[in-house]
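Note: the block below is structure37.pdb and it holds PDB, C-alpha atoms and all ligand atoms.
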```pdb
ATOM      1  CA  MET A 202      10.199   1.789 -77.968
ATOM      2  CA  ALA A 203      10.332   3.018 -74.389
ATOM      3  CA  LYS A 204      11.917   1.436 -71.364
ATOM      4  CA  ILE A 205       9.355   1.361 -68.577
ATOM      5  CA  ASN A 206      11.407  -0.688 -66.132
ATOM      6  CA  PRO A 207      15.045  -1.634 -66.133
ATOM      7  CA  GLY A 208      15.308  -4.686 -68.364
ATOM      8  CA  ILE A 209      11.751  -4.519 -69.625
ATOM      9  CA  ILE A 210      11.205  -3.089 -73.063
ATOM     10  CA  GLU A 211       7.588  -2.303 -73.760
ATOM     11  CA  VAL A 212       6.218  -1.706 -77.208
ATOM     12  CA  ALA A 213       5.349   1.954 -77.236
ATOM     13  CA  ASN A 214       3.660   2.202 -80.575
ATOM     14  CA  GLU A 215       1.932  -0.449 -82.536
ATOM     15  CA  ARG A 216       3.637  -0.847 -85.923
ATOM     16  CA  ARG A 217       1.900  -1.575 -89.210
ATOM     17  CA  ILE A 218       3.932  -2.670 -92.225
ATOM     18  CA  ALA A 219       2.691  -3.723 -95.665
ATOM     19  CA  ALA A 220       4.535  -5.594 -98.410
ATOM     20  CA  SER A 221       3.668  -4.611-101.957
ATOM     21  CA  GLY A 222       4.974  -4.641-105.509
ATOM     22  CA  GLN A 223       3.257  -4.630-108.841
ATOM     23  CA  ALA A 224       4.679  -7.924-110.111
ATOM     24  CA  GLY A 225       3.437 -11.255-108.762
ATOM     25  CA  GLY A 226       6.159 -13.419-107.241
ATOM     26  CA  ALA A 227       8.083 -10.482-105.786
ATOM     27  CA  GLY A 228       8.628 -12.211-102.445
ATOM     28  CA  LYS A 229       5.936 -10.390-100.467
ATOM     29  CA  THR A 230       4.488 -13.483 -98.844
ATOM     30  CA  GLN A 231       7.814 -14.956 -97.797
ATOM     31  CA  ALA A 232       8.833 -11.562 -96.431
ATOM     32  CA  MET A 233       5.694 -11.154 -94.315
ATOM     33  CA  VAL A 234       5.494 -14.766 -93.132
ATOM     34  CA  ASN A 235       9.127 -15.086 -92.125
ATOM     35  CA  LEU A 236       9.294 -11.622 -90.620
ATOM     36  CA  ALA A 237       6.215 -12.478 -88.550
ATOM     37  CA  VAL A 238       7.919 -15.606 -87.215
ATOM     38  CA  GLU A 239      11.121 -13.710 -86.415
ATOM     39  CA  LEU A 240       9.207 -10.953 -84.607
ATOM     40  CA  ALA A 241       7.121 -13.444 -82.634
ATOM     41  CA  LEU A 242      10.320 -15.161 -81.492
ATOM     42  CA  ARG A 243      11.569 -11.741 -80.373
ATOM     43  CA  GLY A 244       8.505 -11.372 -78.166
ATOM     44  CA  TYR A 245       6.144  -9.326 -80.339
ATOM     45  CA  ARG A 246       2.501 -10.248 -80.779
ATOM     46  CA  VAL A 247       1.859 -10.174 -84.499
ATOM     47  CA  LEU A 248      -1.278 -10.088 -86.636
ATOM     48  CA  VAL A 249      -0.724 -10.985 -90.292
ATOM     49  CA  TRP A 250      -3.362  -9.926 -92.815
ATOM     50  CA  ASP A 251      -3.613 -12.128 -95.897
ATOM     51  CA  LEU A 252      -5.054  -9.795 -98.517
ATOM     52  CA  ASP A 253      -3.868 -11.716-101.564
ATOM     53  CA  PRO A 254      -6.414 -13.881-103.443
ATOM     54  CA  GLN A 255      -3.541 -16.324-103.881
ATOM     55  CA  ARG A 256      -3.636 -16.756-100.058
ATOM     56  CA  SER A 257      -0.174 -18.337 -99.745
ATOM     57  CA  THR A 258       0.259 -16.709 -96.344
ATOM     58  CA  SER A 259      -2.770 -18.568 -95.011
ATOM     59  CA  HIS A 260      -1.536 -21.845 -96.498
ATOM     60  CA  ILE A 261       1.956 -21.479 -95.026
ATOM     61  CA  PHE A 262       0.403 -20.615 -91.674
ATOM     62  CA  GLY A 263      -1.496 -23.906 -91.697
ATOM     63  CA  HIS A 264      -4.909 -22.895 -93.015
ATOM     64  CA  GLN A 265      -6.481 -24.464 -96.075
ATOM     65  CA  ASP A 266      -9.065 -22.656 -98.148
ATOM     66  CA  PRO A 267     -11.952 -21.469 -95.987
ATOM     67  CA  MET A 268     -15.184 -23.483 -95.825
ATOM     68  CA  PRO A 269     -18.274 -21.808 -97.321
ATOM     69  CA  GLY A 270     -19.610 -19.300 -94.796
ATOM     70  CA  GLN A 271     -16.368 -19.129 -92.832
ATOM     71  CA  PRO A 272     -15.480 -15.522 -91.996
ATOM     72  CA  THR A 273     -12.473 -14.315 -93.985
ATOM     73  CA  ILE A 274     -10.746 -11.108 -94.921
ATOM     74  CA  PHE A 275     -13.293 -10.739 -97.735
ATOM     75  CA  SER A 276     -16.371 -11.024 -95.537
ATOM     76  CA  VAL A 277     -14.760  -8.452 -93.225
ATOM     77  CA  LEU A 278     -14.115  -6.174 -96.201
ATOM     78  CA  CYS A 279     -17.769  -6.580 -97.205
ATOM     79  CA  GLY A 280     -18.916  -5.787 -93.647
ATOM     80  CA  GLU A 281     -20.533  -9.216 -93.234
ATOM     81  CA  ASN A 282     -18.276 -10.252 -90.381
ATOM     82  CA  LYS A 283     -16.346  -8.533 -87.653
ATOM     83  CA  LEU A 284     -12.568  -8.699 -87.943
ATOM     84  CA  LEU A 285     -12.071 -10.901 -84.889
ATOM     85  CA  GLU A 286     -14.348 -13.546 -86.409
ATOM     86  CA  ALA A 287     -11.865 -13.904 -89.286
ATOM     87  CA  VAL A 288      -8.779 -14.132 -87.061
ATOM     88  CA  VAL A 289      -7.270 -17.582 -86.577
ATOM     89  CA  PRO A 290      -4.081 -18.676 -84.824
ATOM     90  CA  ALA A 291      -1.090 -19.219 -87.099
ATOM     91  CA  ARG A 292       0.258 -22.762 -87.019
ATOM     92  CA  TYR A 293       2.481 -25.196 -88.880
ATOM     93  CA  ARG A 294       1.969 -28.732 -90.020
ATOM     94  CA  ILE A 295       3.412 -31.592 -87.979
ATOM     95  CA  GLY A 296       1.414 -34.505 -89.422
ATOM     96  CA  GLU A 297      -1.048 -35.681 -92.055
ATOM     97  CA  GLY A 298      -4.698 -34.672 -92.316
ATOM     98  CA  ASP A 299      -6.835 -31.658 -91.536
ATOM     99  CA  GLU A 300      -7.422 -32.279 -87.829
ATOM    100  CA  ASP A 301      -6.112 -29.707 -85.384
ATOM    101  CA  SER A 302      -3.750 -32.420 -84.115
ATOM    102  CA  ALA A 303      -1.914 -32.268 -87.477
ATOM    103  CA  PHE A 304      -0.765 -28.735 -86.616
ATOM    104  CA  ARG A 305       1.199 -26.969 -83.914
ATOM    105  CA  LEU A 306       0.302 -23.394 -82.974
ATOM    106  CA  ILE A 307       2.892 -20.667 -83.454
ATOM    107  CA  PRO A 308       2.902 -18.611 -80.243
ATOM    108  CA  GLY A 309       2.440 -14.903 -80.842
ATOM    109  CA  ILE A 310       1.086 -14.941 -84.397
ATOM    110  CA  ASP A 311      -2.519 -14.571 -85.497
ATOM    111  CA  LEU A 312      -3.765 -14.507 -89.064
ATOM    112  CA  VAL A 313      -6.613 -12.733 -90.822
ATOM    113  CA  LEU A 314      -7.709 -15.607 -93.009
ATOM    114  CA  GLY A 315      -7.241 -15.173 -96.754
ATOM    115  CA  THR A 316      -9.605 -16.316 -99.463
ATOM    116  CA  PRO A 317      -9.728 -16.563-103.270
ATOM    117  CA  GLN A 318     -12.733 -14.238-103.044
ATOM    118  CA  MET A 319     -10.283 -11.367-102.559
ATOM    119  CA  ALA A 320     -10.057 -11.403-106.369
ATOM    120  CA  GLU A 321     -13.396  -9.546-106.200
ATOM    121  CA  ALA A 322     -12.108  -6.890-103.810
ATOM    122  CA  GLU A 323     -11.249  -4.329-106.495
ATOM    123  CA  VAL A 324     -14.785  -4.392-107.883
ATOM    124  CA  THR A 325     -16.441  -4.489-104.470
ATOM    125  CA  LEU A 326     -14.445  -1.529-103.172
ATOM    126  CA  GLY A 327     -14.731   0.325-106.485
ATOM    127  CA  ASN A 328     -18.527   0.176-106.282
ATOM    128  CA  ASP A 329     -18.498   1.743-102.832
ATOM    129  CA  SER A 330     -17.891   5.497-102.726
ATOM    130  CA  SER A 331     -16.051   5.165 -99.409
ATOM    131  CA  GLY A 332     -14.434   1.822-100.330
ATOM    132  CA  VAL A 333     -10.916   3.158 -99.972
ATOM    133  CA  LEU A 334     -11.573   3.754 -96.258
ATOM    134  CA  TRP A 335     -12.588   0.196 -95.396
ATOM    135  CA  LEU A 336      -9.297  -0.918 -93.837
ATOM    136  CA  ASP A 337      -8.754   2.334 -91.976
ATOM    137  CA  THR A 338     -12.208   1.962 -90.454
ATOM    138  CA  VAL A 339     -11.736  -1.692 -89.526
ATOM    139  CA  LEU A 340      -8.373  -0.945 -87.910
ATOM    140  CA  ASP A 341      -9.842   1.942 -86.017
ATOM    141  CA  GLU A 342     -13.027   0.290 -84.828
ATOM    142  CA  GLN A 343     -12.346  -3.434 -84.667
ATOM    143  CA  VAL A 344      -8.753  -4.005 -83.589
ATOM    144  CA  PRO A 345      -8.673  -4.103 -79.782
ATOM    145  CA  LYS A 346      -6.125  -1.566 -78.538
ATOM    146  CA  GLY A 347      -2.930  -3.208 -77.354
ATOM    147  CA  ARG A 348      -3.866  -6.685 -78.580
ATOM    148  CA  TRP A 349      -1.076  -6.847 -81.201
ATOM    149  CA  ASP A 350       2.260  -5.042 -81.276
ATOM    150  CA  VAL A 351       2.802  -5.429 -84.997
ATOM    151  CA  GLN A 352       0.437  -5.867 -87.906
ATOM    152  CA  LEU A 353       1.837  -7.105 -91.219
ATOM    153  CA  PHE A 354      -0.157  -6.842 -94.450
ATOM    154  CA  ASP A 355       0.523  -9.192 -97.361
ATOM    155  CA  CYS A 356      -0.953  -7.457-100.418
ATOM    156  CA  GLY A 357      -1.850  -8.953-103.753
ATOM    157  CA  PRO A 358       0.035  -7.984-106.898
ATOM    158  CA  THR A 359      -2.283  -5.126-107.862
ATOM    159  CA  LEU A 360      -2.011  -1.380-107.512
ATOM    160  CA  GLY A 361      -5.705  -0.538-107.498
ATOM    161  CA  ILE A 362      -8.125   0.584-104.816
ATOM    162  CA  LEU A 363      -7.251  -2.307-102.486
ATOM    163  CA  LEU A 364      -3.613  -1.198-102.382
ATOM    164  CA  LEU A 365      -4.658   2.421-101.884
ATOM    165  CA  SER A 366      -6.906   1.391 -99.004
ATOM    166  CA  VAL A 367      -3.955  -0.436 -97.428
ATOM    167  CA  ALA A 368      -1.583   2.466 -98.053
ATOM    168  CA  LEU A 369      -4.020   4.901 -96.461
ATOM    169  CA  ALA A 370      -4.067   2.877 -93.236
ATOM    170  CA  VAL A 371      -0.520   1.490 -93.378
ATOM    171  CA  PRO A 372       1.907   4.183 -94.501
ATOM    172  CA  GLU A 373       5.024   2.031 -93.963
ATOM    173  CA  ILE A 374       5.375   0.010 -97.132
ATOM    174  CA  ILE A 375       8.067  -2.437 -98.192
ATOM    175  CA  GLY A 376       8.520  -2.734-101.963
ATOM    176  CA  CYS A 377       9.612  -6.283-102.729
ATOM    177  CA  VAL A 378      11.919  -7.406-105.518
ATOM    178  CA  ASN A 379      12.775 -10.949-106.498
ATOM    179  CA  ASP A 380      15.640 -11.894-108.794
ATOM    180  CA  GLU A 381      14.324 -10.473-112.077
ATOM    181  CA  PHE A 382      14.312  -7.023-113.529
ATOM    182  CA  LYS A 383      10.530  -6.913-113.853
ATOM    183  CA  TYR A 384      10.372  -6.474-110.079
ATOM    184  CA  VAL A 385      12.349  -3.235-110.331
ATOM    185  CA  ILE A 386       9.678  -1.996-112.723
ATOM    186  CA  GLY A 387       7.142  -3.273-110.192
ATOM    187  CA  ILE A 388       8.444  -1.057-107.385
ATOM    188  CA  GLN A 389       8.719   1.923-109.757
ATOM    189  CA  ASP A 390       5.033   1.454-110.462
ATOM    190  CA  LEU A 391       4.325   1.119-106.741
ATOM    191  CA  GLU A 392       6.074   4.432-106.066
ATOM    192  CA  ALA A 393       4.184   6.126-108.887
ATOM    193  CA  THR A 394       0.874   4.846-107.519
ATOM    194  CA  LEU A 395       1.657   6.088-104.009
ATOM    195  CA  ALA A 396       2.792   9.485-105.337
ATOM    196  CA  LYS A 397      -0.481   9.770-107.242
ATOM    197  CA  GLY A 398      -2.365   8.849-104.066
ATOM    198  CA  ARG A 399      -0.578  11.599-102.126
ATOM    199  CA  ARG A 400      -1.712  14.159-104.717
ATOM    200  CA  SER A 401      -5.275  12.820-105.010
ATOM    201  CA  ARG A 402      -8.449  13.419-103.025
ATOM    202  CA  LEU A 403      -7.015  10.902-100.544
ATOM    203  CA  LYS A 404      -4.796  13.700 -99.256
ATOM    204  CA  LYS A 405      -7.719  14.970 -97.212
ATOM    205  CA  PHE A 406      -7.903  11.597 -95.437
ATOM    206  CA  GLY A 407      -4.235  11.941 -94.498
ATOM    207  CA  PHE A 408      -2.808   9.719 -97.228
ATOM    208  CA  ARG A 409       0.975   9.916 -96.852
ATOM    209  CA  ALA A 410       2.170   6.440 -97.758
ATOM    210  CA  GLU A 411       5.594   5.958 -99.244
ATOM    211  CA  MET A 412       7.683   3.013-100.222
ATOM    212  CA  GLN A 413       9.916   3.309 -97.182
ATOM    213  CA  HIS A 414      11.926   0.140 -97.679
ATOM    214  CA  ILE A 415      13.004  -2.209-100.446
ATOM    215  CA  LEU A 416      13.448  -5.899 -99.753
ATOM    216  CA  ALA A 417      15.436  -7.892-102.298
ATOM    217  CA  THR A 418      15.053 -11.621-101.963
ATOM    218  CA  ASN A 419      16.142 -14.804-103.728
ATOM    219  CA  ILE A 420      19.645 -13.411-104.159
ATOM    220  CA  PRO A 421      22.321 -16.077-104.813
ATOM    221  CA  ILE A 422      25.135 -15.702-102.295
ATOM    222  CA  SER A 423      28.538 -17.351-102.752
ATOM    223  CA  PRO A 424      30.254 -19.187 -99.876
ATOM    224  CA  THR A 425      32.321 -16.027 -99.296
ATOM    225  CA  GLY A 426      29.180 -13.968 -98.779
ATOM    226  CA  GLU A 427      29.222 -12.079-102.094
ATOM    227  CA  ILE A 428      26.398 -11.942-104.620
ATOM    228  CA  ASP A 429      27.121 -14.929-106.854
ATOM    229  CA  ARG A 430      27.009 -13.528-110.366
ATOM    230  CA  SER A 431      27.538 -16.943-111.945
ATOM    231  CA  GLN A 432      24.088 -17.949-110.707
ATOM    232  CA  GLY A 433      22.275 -15.093-112.322
ATOM    233  CA  ALA A 434      23.693 -11.813-113.546
ATOM    234  CA  VAL A 435      20.182 -10.409-113.466
ATOM    235  CA  THR A 436      20.216 -10.420-109.682
ATOM    236  CA  ASP A 437      23.334  -8.324-109.626
ATOM    237  CA  ASP A 438      21.717  -5.920-112.078
ATOM    238  CA  VAL A 439      18.683  -5.615-109.811
ATOM    239  CA  ILE A 440      20.834  -4.672-106.816
ATOM    240  CA  GLU A 441      22.988  -2.342-108.941
ATOM    241  CA  LYS A 442      19.904  -0.626-110.284
ATOM    242  CA  ILE A 443      18.594  -0.047-106.753
ATOM    243  CA  ASN A 444      21.949   1.215-105.513
ATOM    244  CA  ALA A 445      22.320   3.502-108.506
ATOM    245  CA  ARG A 446      19.285   5.510-107.465
ATOM    246  CA  ALA A 447      20.076   7.925-104.681
ATOM    247  CA  ASP A 448      16.479   7.855-103.442
ATOM    248  CA  TRP A 449      16.438   4.044-103.265
ATOM    249  CA  GLN A 450      19.889   3.238-101.968
ATOM    250  CA  GLY A 451      19.094   4.042 -98.352
ATOM    251  CA  LYS A 452      15.844   2.094 -98.506
ATOM    252  CA  LEU A 453      17.425  -1.232 -99.368
ATOM    253  CA  LEU A 454      17.051  -3.638 -96.450
ATOM    254  CA  PRO A 455      19.563  -6.434 -95.884
ATOM    255  CA  ILE A 456      19.155  -8.844 -98.787
ATOM    256  CA  VAL A 457      17.624 -12.279 -98.285
ATOM    257  CA  ARG A 458      19.714 -14.992 -99.886
ATOM    258  CA  ARG A 459      18.402 -17.611-102.246
ATOM    259  CA  SER A 460      17.399 -20.897-100.687
ATOM    260  CA  ILE A 461      15.433 -23.628-102.390
ATOM    261  CA  ARG A 462      13.748 -24.399 -99.076
ATOM    262  CA  PHE A 463      11.503 -21.313 -99.340
ATOM    263  CA  LYS A 464       9.614 -22.889-102.217
ATOM    264  CA  GLU A 465       8.797 -25.954-100.124
ATOM    265  CA  THR A 466       7.114 -23.986 -97.370
ATOM    266  CA  ILE A 467       3.684 -23.616 -99.008
ATOM    267  CA  VAL A 468       3.088 -27.283 -99.713
ATOM    268  CA  ARG A 469       4.624 -28.303 -96.371
ATOM    269  CA  GLN A 470       2.630 -25.615 -94.575
ATOM    270  CA  LYS A 471       5.631 -24.725 -92.487
ATOM    271  CA  ALA A 472       7.299 -21.343 -92.376
ATOM    272  CA  LEU A 473      11.046 -21.607 -93.014
ATOM    273  CA  ARG A 474      11.966 -21.486 -89.312
ATOM    274  CA  TYR A 475      10.014 -24.688 -88.673
ATOM    275  CA  HIS A 476      10.740 -26.348 -92.029
ATOM    276  CA  ALA A 477      14.508 -25.751 -92.090
ATOM    277  CA  PRO A 478      15.562 -24.438 -88.668
ATOM    278  CA  ASN A 479      19.263 -24.205 -89.593
ATOM    279  CA  ASN A 480      18.753 -22.437 -92.911
ATOM    280  CA  ALA A 481      21.227 -19.606 -93.458
ATOM    281  CA  ALA A 482      18.510 -17.333 -94.866
ATOM    282  CA  LEU A 483      16.984 -17.123 -91.371
ATOM    283  CA  ALA A 484      19.930 -14.915 -90.385
ATOM    284  CA  ASP A 485      19.043 -12.611 -93.298
ATOM    285  CA  ILE A 486      15.475 -12.341 -92.042
ATOM    286  CA  ALA A 487      16.792 -11.527 -88.575
ATOM    287  CA  ALA A 488      18.934  -8.787 -90.135
ATOM    288  CA  VAL A 489      15.818  -7.382 -91.837
ATOM    289  CA  ALA A 490      14.010  -7.334 -88.476
ATOM    290  CA  ASP A 491      16.978  -5.474 -86.958
ATOM    291  CA  ALA A 492      17.050  -2.970 -89.821
ATOM    292  CA  LEU A 493      13.323  -2.346 -89.419
ATOM    293  CA  GLY A 494      13.929  -1.511 -85.769
ATOM    294  CA  PHE A 495      12.562  -4.459 -83.813
ATOM    295  CA  PRO A 496      14.813  -5.175 -80.837
ATOM    296  CA  ARG A 497      14.303  -8.401 -78.956
ATOM    297  CA  LEU A 498      11.788  -7.811 -76.164
ATOM    298  CA  ASN A 499      12.819  -8.941 -72.736
ATOM    299  CA  SER A 500      11.239 -12.231 -71.714
ATOM    300  CA  THR A 501      10.178 -10.702 -68.411
ATOM    301  CA  ARG A 502       7.894  -8.356 -70.301
ATOM    302  CA  LYS A 503       4.518  -7.996 -68.669
ATOM    303  CA  LYS A 504       1.859 -10.260 -70.118
ATOM    304  CA  ARG A 505      -1.355  -8.433 -70.938
TER     305      ARG A 505
HETATM  306  N1  LIG B 601      15.018 -16.065-100.653
HETATM  307  C1  LIG B 601      14.371 -16.867-101.505
HETATM  308  N2  LIG B 601      15.008 -17.940-102.044
HETATM  309  C2  LIG B 601      14.374 -18.740-102.913
HETATM  310  N3  LIG B 601      13.114 -18.572-103.325
HETATM  311  C3  LIG B 601      12.443 -17.525-102.824
HETATM  312  C4  LIG B 601      13.015 -16.620-101.892
HETATM  313  N4  LIG B 601      12.070 -15.685-101.560
HETATM  314  C5  LIG B 601      10.976 -15.998-102.258
HETATM  315  N5  LIG B 601      11.190 -17.114-103.027
HETATM  316  C6  LIG B 601      10.264 -17.782-103.935
HETATM  317  O1  LIG B 601       9.845 -16.857-104.928
HETATM  318  C7  LIG B 601       8.492 -17.086-105.244
HETATM  319  C8  LIG B 601       7.691 -15.813-104.990
HETATM  320  O2  LIG B 601       7.727 -15.510-103.596
HETATM  321  P1  LIG B 601       6.413 -15.080-102.826
HETATM  322  O3  LIG B 601       6.821 -14.692-101.461
HETATM  323  O4  LIG B 601       5.370 -16.128-102.947
HETATM  324  O5  LIG B 601       6.028 -13.800-103.694
HETATM  325  P2  LIG B 601       4.674 -12.935-103.760
HETATM  326  O6  LIG B 601       3.953 -13.124-102.484
HETATM  327  O7  LIG B 601       5.153 -11.550-103.972
HETATM  328  O8  LIG B 601       3.908 -13.455-104.936
HETATM  329  C9  LIG B 601       8.021 -18.252-104.389
HETATM  330  O9  LIG B 601       8.149 -19.439-105.124
HETATM  331  C10 LIG B 601       8.994 -18.220-103.232
HETATM  332  O10 LIG B 601       9.143 -19.468-102.641
HETATM  333 MG    MG B 602       2.038 -13.739-102.173
END
```
Mind converting the file's structure to structure tokens?
Ligand SMILES: Nc1ncnc2c1ncn2[C@@H]1O[C@H](COP(=O)(O)OP(=O)(O)O)[C@@H](O)[C@H]1O
Ligand SMILES: [Mg+2]
Amino acid sequence: MAKINPGIIEVANERRIAASGQAGGAGKTQAMVNLAVELALRGYRVLVWDLDPQRSTSHIFGHQDPMPGQPTIFSVLCGENKLLEAVVPARYRIGEGDEDSAFRLIPGIDLVLGTPQMAEAEVTLGNDSSGVLWLDTVLDEQVPKGRWDVQLFDCGPTLGILLLSVALAVPEIIGCVNDEFKYVIGIQDLEATLAKGRRSRLKKFGFRAEMQHILATNIPISPTGEIDRSQGAVTDDVIEKINARADWQGKLLPIVRRSIRFKETIVRQKALRYHAPNNAALADIAAVADALGFPRLNSTRKKR
């Protein structure tokens, strides 16, 4: 960040952050969706990439499954469409039906539309000798400079070539853990995969990705603000396990408390901020944004 005028903070460097983790259900989608909303409210222009065949990010951001022939992340990956053809505005549902009038746009957030076809991405990229470079190339050649301040990447629960292609282009990775021990194993596997990538032939392409942060979500918090062990000792064990490792302790972001309202956001097609505007977990997401180093941008910031 650099101050260019008194009171005006400009975004000096575009940030790219990916959420990953070997186990499905780790909280990646909720992390990326709700962080995107928080950052947009702070004045950042955000592009969210929905790379997961489960496409929950697209659903929460108001987009049903794509129609046949509609450009998506997969047709971009295959080189059949340009990135900007697969970018749609993020929105949330305010009424019934599929008409545009049933949705309200979320200022500042765009979405690279997800698709179930991303289940084929591993095979498609694996059959292409330069497959691991696809995202790096798209980012380099097809993202207009200065159009977005932050790009967030919601990965699927796999650690294959798709993840490596993301990690090559997006070295800042958040390992996500939900309230079960299997997610700790999941981030161990993520770290091992990235370490292998750093030693592999990808080194010559500048592969340097690391799990830089850990986000623990779905943590039961008591009214006094402590982790509520009565609601699940496992959660406590997850946090203890992370804190017990010297190399992980400093990576742990502020925890996101458990709230049943998160689960409603997919079917309601409303990110938490719009679904439950007074939810206490929104403060946790704001704390994560602070910890990641995203100050609020001044509202007088120059429009480009
Ligand atoms: N803080 C939270 N409180 C309650 N449920 C949560 C929380 N964070 C995530 N969840 C729920 O956990 C499940 C997995 O989260 P999700 O973000 O979809 O994970 P992933 O994208 O890694 O598969 C979902 O049902 C989601 O609603
Ligand atoms: Mg997901």
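CA of Glu286 in chain A to CA of Pro272 in chain A spans 6.0 Å [interatomic distance, one decimal].
From CA of Ala232 in chain A back to CA of Leu365 in chain A, the distance works out to 20.2 Å.
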Quick one: contact table of chain A to ligand MG 602 (chain B), 9 Å max, nearest atom pair and distance in Å to one decimal per residue, counting only C-alpha atoms and all ligand atoms, chain and number order, as a tab-separated table?
```
residue	atom	partner	partner_atom	distance
A:Gly225	CA	B:MG602	MG	7.2
A:Gly226	CA	B:MG602	MG	6.5
A:Ala227	CA	B:MG602	MG	7.8
A:Gly228	CA	B:MG602	MG	6.8
A:Lys229	CA	B:MG602	MG	5.4
A:Thr230	CA	B:MG602	MG	4.1
A:Gln231	CA	B:MG602	MG	7.3
A:Asp251	CA	B:MG602	MG	8.6
A:Leu252	CA	B:MG602	MG	8.9
A:Asp253	CA	B:MG602	MG	6.3
A:Pro254	CA	B:MG602	MG	8.5
A:Gln255	CA	B:MG602	MG	6.4
A:Arg256	CA	B:MG602	MG	6.8
A:Ser257	CA	B:MG602	MG	5.7
A:Thr258	CA	B:MG602	MG	6.8
A:Asp355	CA	B:MG602	MG	6.8
A:Cys356	CA	B:MG602	MG	7.2
A:Gly357	CA	B:MG602	MG	6.4
A:Pro358	CA	B:MG602	MG	7.7
```
Legend entry - Shell of 12 Å around range 427-442 of chain A, all atoms listed in the file, local chain residues under 5 positions omitted, as number ranges by chain: A: 377-389, 415-422, 447-450, 452-459
Hey, can you spit out that residue selection with C-alpha atoms as a short mmCIF file (atom, residue, chain, number, x, y, z; two decimals), in the frame of the given file?
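What landed in part_10.cif:
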```
data_model
loop_
_atom_site.label_atom_id
_atom_site.label_comp_id
_atom_site.auth_asym_id
_atom_site.auth_seq_id
_atom_site.Cartn_x
_atom_site.Cartn_y
_atom_site.Cartn_z
CA CYS A 377 9.61 -6.28 -102.73
CA VAL A 378 11.92 -7.41 -105.52
CA ASN A 379 12.78 -10.95 -106.50
CA ASP A 380 15.64 -11.89 -108.79
CA GLU A 381 14.32 -10.47 -112.08
CA PHE A 382 14.31 -7.02 -113.53
CA LYS A 383 10.53 -6.91 -113.85
CA TYR A 384 10.37 -6.47 -110.08
CA VAL A 385 12.35 -3.24 -110.33
CA ILE A 386 9.68 -2.00 -112.72
CA GLY A 387 7.14 -3.27 -110.19
CA ILE A 388 8.44 -1.06 -107.38
CA GLN A 389 8.72 1.92 -109.76
CA ILE A 415 13.00 -2.21 -100.45
CA LEU A 416 13.45 -5.90 -99.75
CA ALA A 417 15.44 -7.89 -102.30
CA THR A 418 15.05 -11.62 -101.96
CA ASN A 419 16.14 -14.80 -103.73
CA ILE A 420 19.64 -13.41 -104.16
CA PRO A 421 22.32 -16.08 -104.81
CA ILE A 422 25.14 -15.70 -102.30
CA ALA A 447 20.08 7.92 -104.68
CA ASP A 448 16.48 7.86 -103.44
CA TRP A 449 16.44 4.04 -103.26
CA GLN A 450 19.89 3.24 -101.97
CA LYS A 452 15.84 2.09 -98.51
CA LEU A 453 17.42 -1.23 -99.37
CA LEU A 454 17.05 -3.64 -96.45
CA PRO A 455 19.56 -6.43 -95.88
CA ILE A 456 19.16 -8.84 -98.79
CA VAL A 457 17.62 -12.28 -98.28
CA ARG A 458 19.71 -14.99 -99.89
CA ARG A 459 18.40 -17.61 -102.25
#
```
Inset, instruction - Evaluate the PyMOL selection byres (((chain A and resi 472) around 8) and not hetatm) and record the selected residues as a ChimeraX atom specification, following the chain and residue labels used in the document. - result: /A:234-235,238,261-262,293,466-467,470-471,473-476
Inset, instruction - Find the residues near Thr394 in chain A: any atom within 9 Å, counting all atoms listed in the file, skip ones fewer than 4 places away on the same chain, and give them as an MDAnalysis selection string. - result: chainID A and resid 360:361 365 389:390 398:399
Using only C-alpha atoms and a cutoff of 10 Å, can you tell me which residues are near (-4.8, -16.7, -92.8) in the file's coordinates, and write them out as an mmCIF file with C-alpha atoms, in the coordinates of the input?
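Below is the file that was written, part.cif:
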```
data_model
loop_
_atom_site.group_PDB
_atom_site.id
_atom_site.type_symbol
_atom_site.label_atom_id
_atom_site.label_comp_id
_atom_site.auth_asym_id
_atom_site.auth_seq_id
_atom_site.Cartn_x
_atom_site.Cartn_y
_atom_site.Cartn_z
ATOM 1 C CA LEU A 248 -1.278 -10.088 -86.636
ATOM 2 C CA VAL A 249 -0.724 -10.985 -90.292
ATOM 3 C CA TRP A 250 -3.362 -9.926 -92.815
ATOM 4 C CA ASP A 251 -3.613 -12.128 -95.897
ATOM 5 C CA LEU A 252 -5.054 -9.795 -98.517
ATOM 6 C CA ARG A 256 -3.636 -16.756 -100.058
ATOM 7 C CA SER A 257 -0.174 -18.337 -99.745
ATOM 8 C CA THR A 258 0.259 -16.709 -96.344
ATOM 9 C CA SER A 259 -2.770 -18.568 -95.011
ATOM 10 C CA HIS A 260 -1.536 -21.845 -96.498
ATOM 11 C CA ILE A 261 1.956 -21.479 -95.026
ATOM 12 C CA PHE A 262 0.403 -20.615 -91.674
ATOM 13 C CA GLY A 263 -1.496 -23.906 -91.697
ATOM 14 C CA HIS A 264 -4.909 -22.895 -93.015
ATOM 15 C CA GLN A 265 -6.481 -24.464 -96.075
ATOM 16 C CA ASP A 266 -9.065 -22.656 -98.148
ATOM 17 C CA PRO A 267 -11.952 -21.469 -95.987
ATOM 18 C CA THR A 273 -12.473 -14.315 -93.985
ATOM 19 C CA ILE A 274 -10.746 -11.108 -94.921
ATOM 20 C CA ALA A 287 -11.865 -13.904 -89.286
ATOM 21 C CA VAL A 288 -8.779 -14.132 -87.061
ATOM 22 C CA VAL A 289 -7.270 -17.582 -86.577
ATOM 23 C CA PRO A 290 -4.081 -18.676 -84.824
ATOM 24 C CA ALA A 291 -1.090 -19.219 -87.099
ATOM 25 C CA ARG A 292 0.258 -22.762 -87.019
ATOM 26 C CA ASP A 311 -2.519 -14.571 -85.497
ATOM 27 C CA LEU A 312 -3.765 -14.507 -89.064
ATOM 28 C CA VAL A 313 -6.613 -12.733 -90.822
ATOM 29 C CA LEU A 314 -7.709 -15.607 -93.009
ATOM 30 C CA GLY A 315 -7.241 -15.173 -96.754
ATOM 31 C CA THR A 316 -9.605 -16.316 -99.463
#
```
